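*Asks:* This one is final_9.pdb, PDB, N, CA and C atoms.
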```
ATOM      1  N   MET A   7       0.852  -1.176   0.000
ATOM      2  CA  MET A   7       0.000   0.000   0.000
ATOM      3  C   MET A   7       0.897   1.238   0.000
ATOM      4  N   ALA A   8       0.803   2.006  -1.039
ATOM      5  CA  ALA A   8       1.617   3.213  -1.151
ATOM      6  C   ALA A   8       0.894   4.392  -0.507
ATOM      7  N   ILE A   9       1.624   5.133   0.279
ATOM      8  CA  ILE A   9       1.081   6.321   0.935
ATOM      9  C   ILE A   9       1.740   7.535   0.305
ATOM     10  N   ASP A  10       0.906   8.486  -0.123
ATOM     11  CA  ASP A  10       1.451   9.685  -0.749
ATOM     12  C   ASP A  10       1.412  10.865   0.222
ATOM     13  N   ALA A  11       1.988  11.983  -0.206
ATOM     14  CA  ALA A  11       2.065  13.168   0.654
ATOM     15  C   ALA A  11       0.685  13.701   0.998
ATOM     16  N   ALA A  12      -0.277  13.580   0.079
ATOM     17  CA  ALA A  12      -1.640  14.061   0.345
ATOM     18  C   ALA A  12      -2.277  13.266   1.489
ATOM     19  N   THR A  13      -2.033  11.950   1.525
ATOM     20  CA  THR A  13      -2.578  11.116   2.604
ATOM     21  C   THR A  13      -1.929  11.482   3.930
ATOM     22  N   VAL A  14      -0.627  11.693   3.922
ATOM     23  CA  VAL A  14       0.077  12.097   5.145
ATOM     24  C   VAL A  14      -0.454  13.440   5.637
ATOM     25  N   ARG A  15      -0.672  14.382   4.712
ATOM     26  CA  ARG A  15      -1.205  15.694   5.082
ATOM     27  C   ARG A  15      -2.586  15.543   5.732
ATOM     28  N   LYS A  16      -3.436  14.690   5.142
ATOM     29  CA  LYS A  16      -4.790  14.489   5.670
ATOM     30  C   LYS A  16      -4.751  13.840   7.054
ATOM     31  N   VAL A  17      -3.936  12.813   7.212
ATOM     32  CA  VAL A  17      -3.839  12.123   8.508
ATOM     33  C   VAL A  17      -3.265  13.060   9.566
ATOM     34  N   ALA A  18      -2.262  13.841   9.189
ATOM     35  CA  ALA A  18      -1.665  14.787  10.142
ATOM     36  C   ALA A  18      -2.702  15.830  10.570
ATOM     37  N   ARG A  19      -3.521  16.291   9.616
ATOM     38  CA  ARG A  19      -4.558  17.267   9.962
ATOM     39  C   ARG A  19      -5.589  16.644  10.902
ATOM     40  N   LEU A  20      -6.014  15.419  10.605
ATOM     41  CA  LEU A  20      -7.001  14.743  11.455
ATOM     42  C   LEU A  20      -6.455  14.479  12.859
ATOM     43  N   ALA A  21      -5.153  14.183  12.943
ATOM     44  CA  ALA A  21      -4.528  13.909  14.235
ATOM     45  C   ALA A  21      -4.053  15.183  14.921
ATOM     46  N   ARG A  22      -4.251  16.321  14.258
ATOM     47  CA  ARG A  22      -3.839  17.621  14.793
ATOM     48  C   ARG A  22      -2.338  17.653  15.070
ATOM     49  N   ILE A  23      -1.573  17.098  14.102
ATOM     50  CA  ILE A  23      -0.113  17.097  14.181
ATOM     51  C   ILE A  23       0.393  18.032  13.098
ATOM     52  N   ALA A  24       1.101  19.058  13.496
ATOM     53  CA  ALA A  24       1.637  20.013  12.530
ATOM     54  C   ALA A  24       2.883  19.422  11.882
ATOM     55  N   GLN A  25       2.856  19.313  10.574
ATOM     56  CA  GLN A  25       4.007  18.818   9.816
ATOM     57  C   GLN A  25       4.341  19.847   8.744
ATOM     58  N   PRO A  26       5.602  20.289   8.673
ATOM     59  CA  PRO A  26       5.977  21.216   7.601
ATOM     60  C   PRO A  26       5.847  20.531   6.242
ATOM     61  N   GLU A  27       5.567  21.315   5.233
ATOM     62  CA  GLU A  27       5.336  20.782   3.889
ATOM     63  C   GLU A  27       6.528  19.973   3.375
ATOM     64  N   GLU A  28       7.749  20.390   3.688
ATOM     65  CA  GLU A  28       8.930  19.668   3.195
ATOM     66  C   GLU A  28       9.127  18.320   3.888
ATOM     67  N   ARG A  29       8.448  18.091   4.988
ATOM     68  CA  ARG A  29       8.569  16.824   5.724
ATOM     69  C   ARG A  29       7.546  15.785   5.250
ATOM     70  N   LEU A  30       6.531  16.193   4.476
ATOM     71  CA  LEU A  30       5.461  15.279   4.080
ATOM     72  C   LEU A  30       5.949  14.153   3.170
ATOM     73  N   GLU A  31       6.746  14.475   2.176
ATOM     74  CA  GLU A  31       7.205  13.450   1.226
ATOM     75  C   GLU A  31       8.123  12.422   1.894
ATOM     76  N   PRO A  32       9.124  12.826   2.690
ATOM     77  CA  PRO A  32       9.936  11.804   3.385
ATOM     78  C   PRO A  32       9.101  10.956   4.356
ATOM     79  N   LEU A  33       8.150  11.589   5.003
ATOM     80  CA  LEU A  33       7.294  10.846   5.925
ATOM     81  C   LEU A  33       6.421   9.851   5.165
ATOM     82  N   ALA A  34       5.950  10.232   3.985
ATOM     83  CA  ALA A  34       5.157   9.318   3.156
ATOM     84  C   ALA A  34       5.991   8.110   2.752
ATOM     85  N   ARG A  35       7.255   8.320   2.407
ATOM     86  CA  ARG A  35       8.139   7.195   2.046
ATOM     87  C   ARG A  35       8.357   6.274   3.245
ATOM     88  N   GLU A  36       8.571   6.863   4.424
ATOM     89  CA  GLU A  36       8.771   6.053   5.629
ATOM     90  C   GLU A  36       7.531   5.221   5.929
ATOM     91  N   LEU A  37       6.368   5.844   5.879
ATOM     92  CA  LEU A  37       5.124   5.126   6.173
ATOM     93  C   LEU A  37       4.835   4.057   5.132
ATOM     94  N   SER A  38       5.161   4.317   3.870
ATOM     95  CA  SER A  38       4.985   3.300   2.827
ATOM     96  C   SER A  38       5.880   2.100   3.103
ATOM     97  N   GLY A  39       7.107   2.346   3.560
ATOM     98  CA  GLY A  39       8.013   1.254   3.916
ATOM     99  C   GLY A  39       7.483   0.431   5.074
ATOM    100  N   ILE A  40       6.925   1.094   6.055
ATOM    101  CA  ILE A  40       6.345   0.386   7.201
ATOM    102  C   ILE A  40       5.160  -0.457   6.760
ATOM    103  N   MET A  41       4.303   0.108   5.903
ATOM    104  CA  MET A  41       3.136  -0.637   5.421
ATOM    105  C   MET A  41       3.564  -1.835   4.572
ATOM    106  N   ALA A  42       4.625  -1.689   3.784
ATOM    107  CA  ALA A  42       5.126  -2.816   2.986
ATOM    108  C   ALA A  42       5.628  -3.928   3.898
ATOM    109  N   TRP A  43       6.300  -3.559   4.976
ATOM    110  CA  TRP A  43       6.789  -4.561   5.931
ATOM    111  C   TRP A  43       5.611  -5.283   6.586
ATOM    112  N   ILE A  44       4.559  -4.539   6.929
ATOM    113  CA  ILE A  44       3.373  -5.150   7.541
ATOM    114  C   ILE A  44       2.703  -6.104   6.557
ATOM    115  N   GLU A  45       2.657  -5.727   5.269
ATOM    116  CA  GLU A  45       2.062  -6.608   4.263
ATOM    117  C   GLU A  45       2.861  -7.900   4.121
ATOM    118  N   GLN A  46       4.171  -7.858   4.342
ATOM    119  CA  GLN A  46       4.987  -9.073   4.292
ATOM    120  C   GLN A  46       4.574 -10.052   5.381
ATOM    121  N   LEU A  47       4.103  -9.546   6.501
ATOM    122  CA  LEU A  47       3.695 -10.430   7.599
ATOM    123  C   LEU A  47       2.520 -11.313   7.212
ATOM    124  N   SER A  48       1.666 -10.850   6.285
ATOM    125  CA  SER A  48       0.516 -11.656   5.874
ATOM    126  C   SER A  48       0.950 -12.878   5.078
ATOM    127  N   GLU A  49       2.180 -12.891   4.571
ATOM    128  CA  GLU A  49       2.689 -14.023   3.807
ATOM    129  C   GLU A  49       3.193 -15.153   4.702
ATOM    130  N   VAL A  50       3.348 -14.903   5.977
ATOM    131  CA  VAL A  50       3.867 -15.914   6.901
ATOM    132  C   VAL A  50       2.785 -16.952   7.165
ATOM    133  N   ASP A  51       3.142 -18.232   7.051
ATOM    134  CA  ASP A  51       2.207 -19.324   7.301
ATOM    135  C   ASP A  51       2.065 -19.521   8.813
ATOM    136  N   THR A  52       0.894 -19.212   9.345
ATOM    137  CA  THR A  52       0.664 -19.347  10.785
ATOM    138  C   THR A  52      -0.320 -20.468  11.103
ATOM    139  N   ASP A  53      -0.627 -21.319  10.125
ATOM    140  CA  ASP A  53      -1.532 -22.438  10.391
ATOM    141  C   ASP A  53      -0.898 -23.384  11.403
ATOM    142  N   GLY A  54      -1.653 -23.751  12.390
ATOM    143  CA  GLY A  54      -1.163 -24.667  13.409
ATOM    144  C   GLY A  54      -0.348 -24.007  14.501
ATOM    145  N   VAL A  55      -0.179 -22.702  14.450
ATOM    146  CA  VAL A  55       0.575 -21.996  15.485
ATOM    147  C   VAL A  55      -0.408 -21.549  16.562
ATOM    148  N   VAL A  56      -0.129 -21.943  17.783
ATOM    149  CA  VAL A  56      -1.015 -21.609  18.892
ATOM    150  C   VAL A  56      -0.788 -20.151  19.292
ATOM    151  N   PRO A  57      -1.865 -19.368  19.400
ATOM    152  CA  PRO A  57      -1.692 -17.975  19.844
ATOM    153  C   PRO A  57      -1.116 -17.936  21.257
ATOM    154  N   MET A  58      -0.291 -16.935  21.518
ATOM    155  CA  MET A  58       0.302 -16.836  22.839
ATOM    156  C   MET A  58       0.186 -15.409  23.350
ATOM    157  N   THR A  59       0.170 -15.280  24.651
ATOM    158  CA  THR A  59       0.115 -13.965  25.271
ATOM    159  C   THR A  59       1.453 -13.586  25.873
ATOM    160  N   SER A  60       2.368 -14.543  25.920
ATOM    161  CA  SER A  60       3.676 -14.296  26.497
ATOM    162  C   SER A  60       4.700 -15.174  25.787
ATOM    163  N   ALA A  61       5.922 -14.732  25.764
ATOM    164  CA  ALA A  61       6.974 -15.535  25.156
ATOM    165  C   ALA A  61       7.378 -16.698  26.052
ATOM    166  N   VAL A  62       7.003 -16.633  27.317
ATOM    167  CA  VAL A  62       7.336 -17.673  28.283
ATOM    168  C   VAL A  62       6.037 -18.293  28.768
ATOM    169  N   SER A  63       5.913 -19.601  28.643
ATOM    170  CA  SER A  63       4.710 -20.286  29.088
ATOM    171  C   SER A  63       4.732 -20.422  30.607
ATOM    172  N   MET A  64       3.754 -19.806  31.262
ATOM    173  CA  MET A  64       3.669 -19.867  32.722
ATOM    174  C   MET A  64       2.231 -20.151  33.117
ATOM    175  N   PRO A  65       2.035 -21.028  34.101
ATOM    176  CA  PRO A  65       0.674 -21.252  34.594
ATOM    177  C   PRO A  65       0.211 -20.053  35.420
ATOM    178  N   MET A  66      -1.085 -19.769  35.348
ATOM    179  CA  MET A  66      -1.635 -18.672  36.138
ATOM    180  C   MET A  66      -1.705 -19.084  37.610
ATOM    181  N   PRO A  67      -1.161 -18.271  38.513
ATOM    182  CA  PRO A  67      -1.300 -18.594  39.925
ATOM    183  C   PRO A  67      -2.748 -18.338  40.349
ATOM    184  N   LEU A  68      -3.351 -19.317  40.945
ATOM    185  CA  LEU A  68      -4.746 -19.194  41.384
ATOM    186  C   LEU A  68      -4.807 -19.298  42.905
ATOM    187  N   ARG A  69      -5.805 -18.680  43.474
ATOM    188  CA  ARG A  69      -6.038 -18.795  44.914
ATOM    189  C   ARG A  69      -7.414 -19.400  45.111
ATOM    190  N   ASP A  70      -7.629 -19.941  46.275
ATOM    191  CA  ASP A  70      -8.936 -20.515  46.577
ATOM    192  C   ASP A  70      -9.975 -19.408  46.628
ATOM    193  N   ASP A  71     -11.158 -19.701  46.116
ATOM    194  CA  ASP A  71     -12.263 -18.757  46.132
ATOM    195  C   ASP A  71     -12.995 -18.914  47.461
ATOM    196  N   VAL A  72     -12.604 -18.091  48.432
ATOM    197  CA  VAL A  72     -13.135 -18.206  49.781
ATOM    198  C   VAL A  72     -13.880 -16.924  50.136
ATOM    199  N   VAL A  73     -15.076 -17.065  50.688
ATOM    200  CA  VAL A  73     -15.851 -15.909  51.114
ATOM    201  C   VAL A  73     -15.268 -15.388  52.424
ATOM    202  N   THR A  74     -15.029 -14.079  52.501
ATOM    203  CA  THR A  74     -14.503 -13.464  53.718
ATOM    204  C   THR A  74     -15.434 -12.342  54.148
ATOM    205  N   GLU A  75     -15.128 -11.769  55.274
ATOM    206  CA  GLU A  75     -15.923 -10.656  55.791
ATOM    207  C   GLU A  75     -15.600  -9.352  55.075
ATOM    208  N   GLY A  76     -14.549  -9.353  54.280
ATOM    209  CA  GLY A  76     -14.161  -8.135  53.578
ATOM    210  C   GLY A  76     -13.130  -7.367  54.377
ATOM    211  N   GLY A  77     -12.643  -6.307  53.779
ATOM    212  CA  GLY A  77     -11.627  -5.502  54.434
ATOM    213  C   GLY A  77     -12.250  -4.549  55.440
ATOM    214  N   ASP A  78     -11.475  -4.161  56.408
ATOM    215  CA  ASP A  78     -11.904  -3.182  57.400
ATOM    216  C   ASP A  78     -11.768  -1.798  56.765
ATOM    217  N   ALA A  79     -12.882  -1.077  56.612
ATOM    218  CA  ALA A  79     -12.885   0.215  55.927
ATOM    219  C   ALA A  79     -11.921   1.197  56.585
ATOM    220  N   ASN A  80     -11.830   1.187  57.911
ATOM    221  CA  ASN A  80     -10.935   2.112  58.599
ATOM    222  C   ASN A  80      -9.470   1.828  58.278
ATOM    223  N   VAL A  81      -9.123   0.555  58.154
ATOM    224  CA  VAL A  81      -7.760   0.191  57.812
ATOM    225  C   VAL A  81      -7.453   0.623  56.375
ATOM    226  N   VAL A  82      -8.400   0.397  55.470
ATOM    227  CA  VAL A  82      -8.198   0.779  54.074
ATOM    228  C   VAL A  82      -8.087   2.293  53.955
ATOM    229  N   LEU A  83      -8.964   3.026  54.613
ATOM    230  CA  LEU A  83      -8.951   4.481  54.531
ATOM    231  C   LEU A  83      -7.744   5.094  55.227
ATOM    232  N   SER A  84      -7.107   4.359  56.115
ATOM    233  CA  SER A  84      -5.920   4.901  56.788
ATOM    234  C   SER A  84      -4.772   5.100  55.798
ATOM    235  N   ASN A  85      -4.811   4.417  54.672
ATOM    236  CA  ASN A  85      -3.785   4.572  53.633
ATOM    237  C   ASN A  85      -4.051   5.771  52.727
ATOM    238  N   ALA A  86      -5.248   6.321  52.798
ATOM    239  CA  ALA A  86      -5.612   7.424  51.901
ATOM    240  C   ALA A  86      -5.013   8.730  52.397
ATOM    241  N   PRO A  87      -4.554   9.592  51.460
ATOM    242  CA  PRO A  87      -4.047  10.893  51.881
ATOM    243  C   PRO A  87      -5.157  11.758  52.485
ATOM    244  N   LYS A  88      -6.400  11.543  52.000
ATOM    245  CA  LYS A  88      -7.514  12.337  52.504
ATOM    246  C   LYS A  88      -8.788  11.509  52.405
ATOM    247  N   SER A  89      -9.594  11.515  53.460
ATOM    248  CA  SER A  89     -10.871  10.808  53.447
ATOM    249  C   SER A  89     -11.904  11.627  54.209
ATOM    250  N   SER A  90     -13.172  11.340  53.909
ATOM    251  CA  SER A  90     -14.263  12.055  54.569
ATOM    252  C   SER A  90     -15.495  11.180  54.556
ATOM    253  N   GLY A  91     -16.100  10.972  55.709
ATOM    254  CA  GLY A  91     -17.333  10.203  55.807
ATOM    255  C   GLY A  91     -17.206   8.771  55.336
ATOM    256  N   GLY A  92     -16.049   8.171  55.485
ATOM    257  CA  GLY A  92     -15.858   6.782  55.077
ATOM    258  C   GLY A  92     -15.556   6.619  53.598
ATOM    259  N   PHE A  93     -15.212   7.714  52.904
ATOM    260  CA  PHE A  93     -14.907   7.661  51.480
ATOM    261  C   PHE A  93     -13.553   8.311  51.203
ATOM    262  N   PHE A  94     -12.932   7.925  50.082
ATOM    263  CA  PHE A  94     -11.717   8.595  49.624
ATOM    264  C   PHE A  94     -12.091   9.968  49.087
ATOM    265  N   VAL A  95     -11.266  10.972  49.353
ATOM    266  CA  VAL A  95     -11.458  12.292  48.777
ATOM    267  C   VAL A  95     -10.395  12.469  47.698
ATOM    268  N   VAL A  96     -10.877  12.768  46.457
ATOM    269  CA  VAL A  96      -9.976  12.945  45.325
ATOM    270  C   VAL A  96     -10.216  14.311  44.714
ATOM    271  N   PRO A  97      -9.239  14.849  43.989
ATOM    272  CA  PRO A  97      -9.440  16.138  43.340
ATOM    273  C   PRO A  97     -10.536  16.065  42.279
ATOM    274  N   LYS A  98     -11.261  17.142  42.145
ATOM    275  CA  LYS A  98     -12.317  17.207  41.139
ATOM    276  C   LYS A  98     -11.677  17.232  39.758
ATOM    277  N   VAL A  99     -12.160  16.348  38.855
ATOM    278  CA  VAL A  99     -11.586  16.287  37.518
ATOM    279  C   VAL A  99     -12.560  16.730  36.446
ATOM    280  N   VAL A 100     -13.834  16.868  36.771
ATOM    281  CA  VAL A 100     -14.848  17.296  35.815
ATOM    282  C   VAL A 100     -15.519  18.541  36.376
ATOM    283  N   GLU A 101     -15.546  19.575  35.563
ATOM    284  CA  GLU A 101     -16.184  20.828  36.000
ATOM    285  C   GLU A 101     -17.673  20.750  35.823
TER     286      GLU A 101
END
```
How would this structure read if it were set down as structure tokens?
*Replies:*
Amino acid sequence: MAIDAATVRKVARLARIAQPEERLEPLARELSGIMAWIEQLSEVDTDGVVPMTSAVSMPMPLRDDVVTEGGDANVVLSNAPKSSGGFFVVPKVVE
């Protein structure tokens, strides 16, 4: 898949990334090279290959599913920098 300077300009505008005009053509060549490399990956025969989530096979450590009384709220809140009325107090993030 070939990427031209017009496509790079459009993507940069959509991503709100300012790119000088003289940088568009080299960037298009770089992105075309990356896309060509990605297309090569589709040629690899992966039939019979088991998907993996890690390069090292490790069993998941499991614990017994035991019902408990839960944590003591006062002990948990003692770790908080600020609490009020049995709740954590955090800075307001939405106006």
*Asks:* Using DSSP assignments from the backbone, pull out every residue in chain A that falls under helix (DSSP H, G or I) and give it to me as a PyMOL selection string.
*Replies:* chain A and resi 11-20+27-47+79-83
*Asks:* Give me the residues within 12 Å of Met7 in chain A as a ChimeraX atom specification, counting only C-alpha atoms and dropping any in the same chain fewer than 3 places off.
*Replies:* /A:10,13,34-35,37-46
*Asks:* Okay, now the selection with N, CA and C atoms, as an mmCIF file, in the frame of the given file?
*Replies:*
```cif
data_model
loop_
_atom_site.group_PDB
_atom_site.id
_atom_site.type_symbol
_atom_site.label_atom_id
_atom_site.label_comp_id
_atom_site.auth_asym_id
_atom_site.auth_seq_id
_atom_site.Cartn_x
_atom_site.Cartn_y
_atom_site.Cartn_z
ATOM 1 N N ASP A 10 0.906 8.486 -0.123
ATOM 2 C CA ASP A 10 1.451 9.685 -0.749
ATOM 3 C C ASP A 10 1.412 10.865 0.222
ATOM 4 N N THR A 13 -2.033 11.950 1.525
ATOM 5 C CA THR A 13 -2.578 11.116 2.604
ATOM 6 C C THR A 13 -1.929 11.482 3.930
ATOM 7 N N ALA A 34 5.950 10.232 3.985
ATOM 8 C CA ALA A 34 5.157 9.318 3.156
ATOM 9 C C ALA A 34 5.991 8.110 2.752
ATOM 10 N N ARG A 35 7.255 8.320 2.407
ATOM 11 C CA ARG A 35 8.139 7.195 2.046
ATOM 12 C C ARG A 35 8.357 6.274 3.245
ATOM 13 N N LEU A 37 6.368 5.844 5.879
ATOM 14 C CA LEU A 37 5.124 5.126 6.173
ATOM 15 C C LEU A 37 4.835 4.057 5.132
ATOM 16 N N SER A 38 5.161 4.317 3.870
ATOM 17 C CA SER A 38 4.985 3.300 2.827
ATOM 18 C C SER A 38 5.880 2.100 3.103
ATOM 19 N N GLY A 39 7.107 2.346 3.560
ATOM 20 C CA GLY A 39 8.013 1.254 3.916
ATOM 21 C C GLY A 39 7.483 0.431 5.074
ATOM 22 N N ILE A 40 6.925 1.094 6.055
ATOM 23 C CA ILE A 40 6.345 0.386 7.201
ATOM 24 C C ILE A 40 5.160 -0.457 6.760
ATOM 25 N N MET A 41 4.303 0.108 5.903
ATOM 26 C CA MET A 41 3.136 -0.637 5.421
ATOM 27 C C MET A 41 3.564 -1.835 4.572
ATOM 28 N N ALA A 42 4.625 -1.689 3.784
ATOM 29 C CA ALA A 42 5.126 -2.816 2.986
ATOM 30 C C ALA A 42 5.628 -3.928 3.898
ATOM 31 N N TRP A 43 6.300 -3.559 4.976
ATOM 32 C CA TRP A 43 6.789 -4.561 5.931
ATOM 33 C C TRP A 43 5.611 -5.283 6.586
ATOM 34 N N ILE A 44 4.559 -4.539 6.929
ATOM 35 C CA ILE A 44 3.373 -5.150 7.541
ATOM 36 C C ILE A 44 2.703 -6.104 6.557
ATOM 37 N N GLU A 45 2.657 -5.727 5.269
ATOM 38 C CA GLU A 45 2.062 -6.608 4.263
ATOM 39 C C GLU A 45 2.861 -7.900 4.121
ATOM 40 N N GLN A 46 4.171 -7.858 4.342
ATOM 41 C CA GLN A 46 4.987 -9.073 4.292
ATOM 42 C C GLN A 46 4.574 -10.052 5.381
#
```
*Asks:* List every residue of chain A that DSSP, applied to the backbone, labels as strand (DSSP E), and write the result as an MDAnalysis selection string.
*Replies:* chainID A and resid 89:90 93:94
*Asks:* Between CA of Ala12 in chain A and atom N of Leu33 in chain A, what is the spacing in Å?
*Replies:*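 Result for atom N of Leu33 in chain A versus CA of Ala12 in chain A: 11.1 Å, one decimal.
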*Asks:* At what distance in Å, to one decimal, does atom N of Val81 in chain A lie from CA of Val95 in chain A?
*Replies:*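 These two atoms are separated by 15.2 Å.
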*Asks:* Can you measure CA of Gly92 in chain A to atom C of Asn80 in chain A for me? One decimal in Å is fine.
*Replies:* 8.7 Å
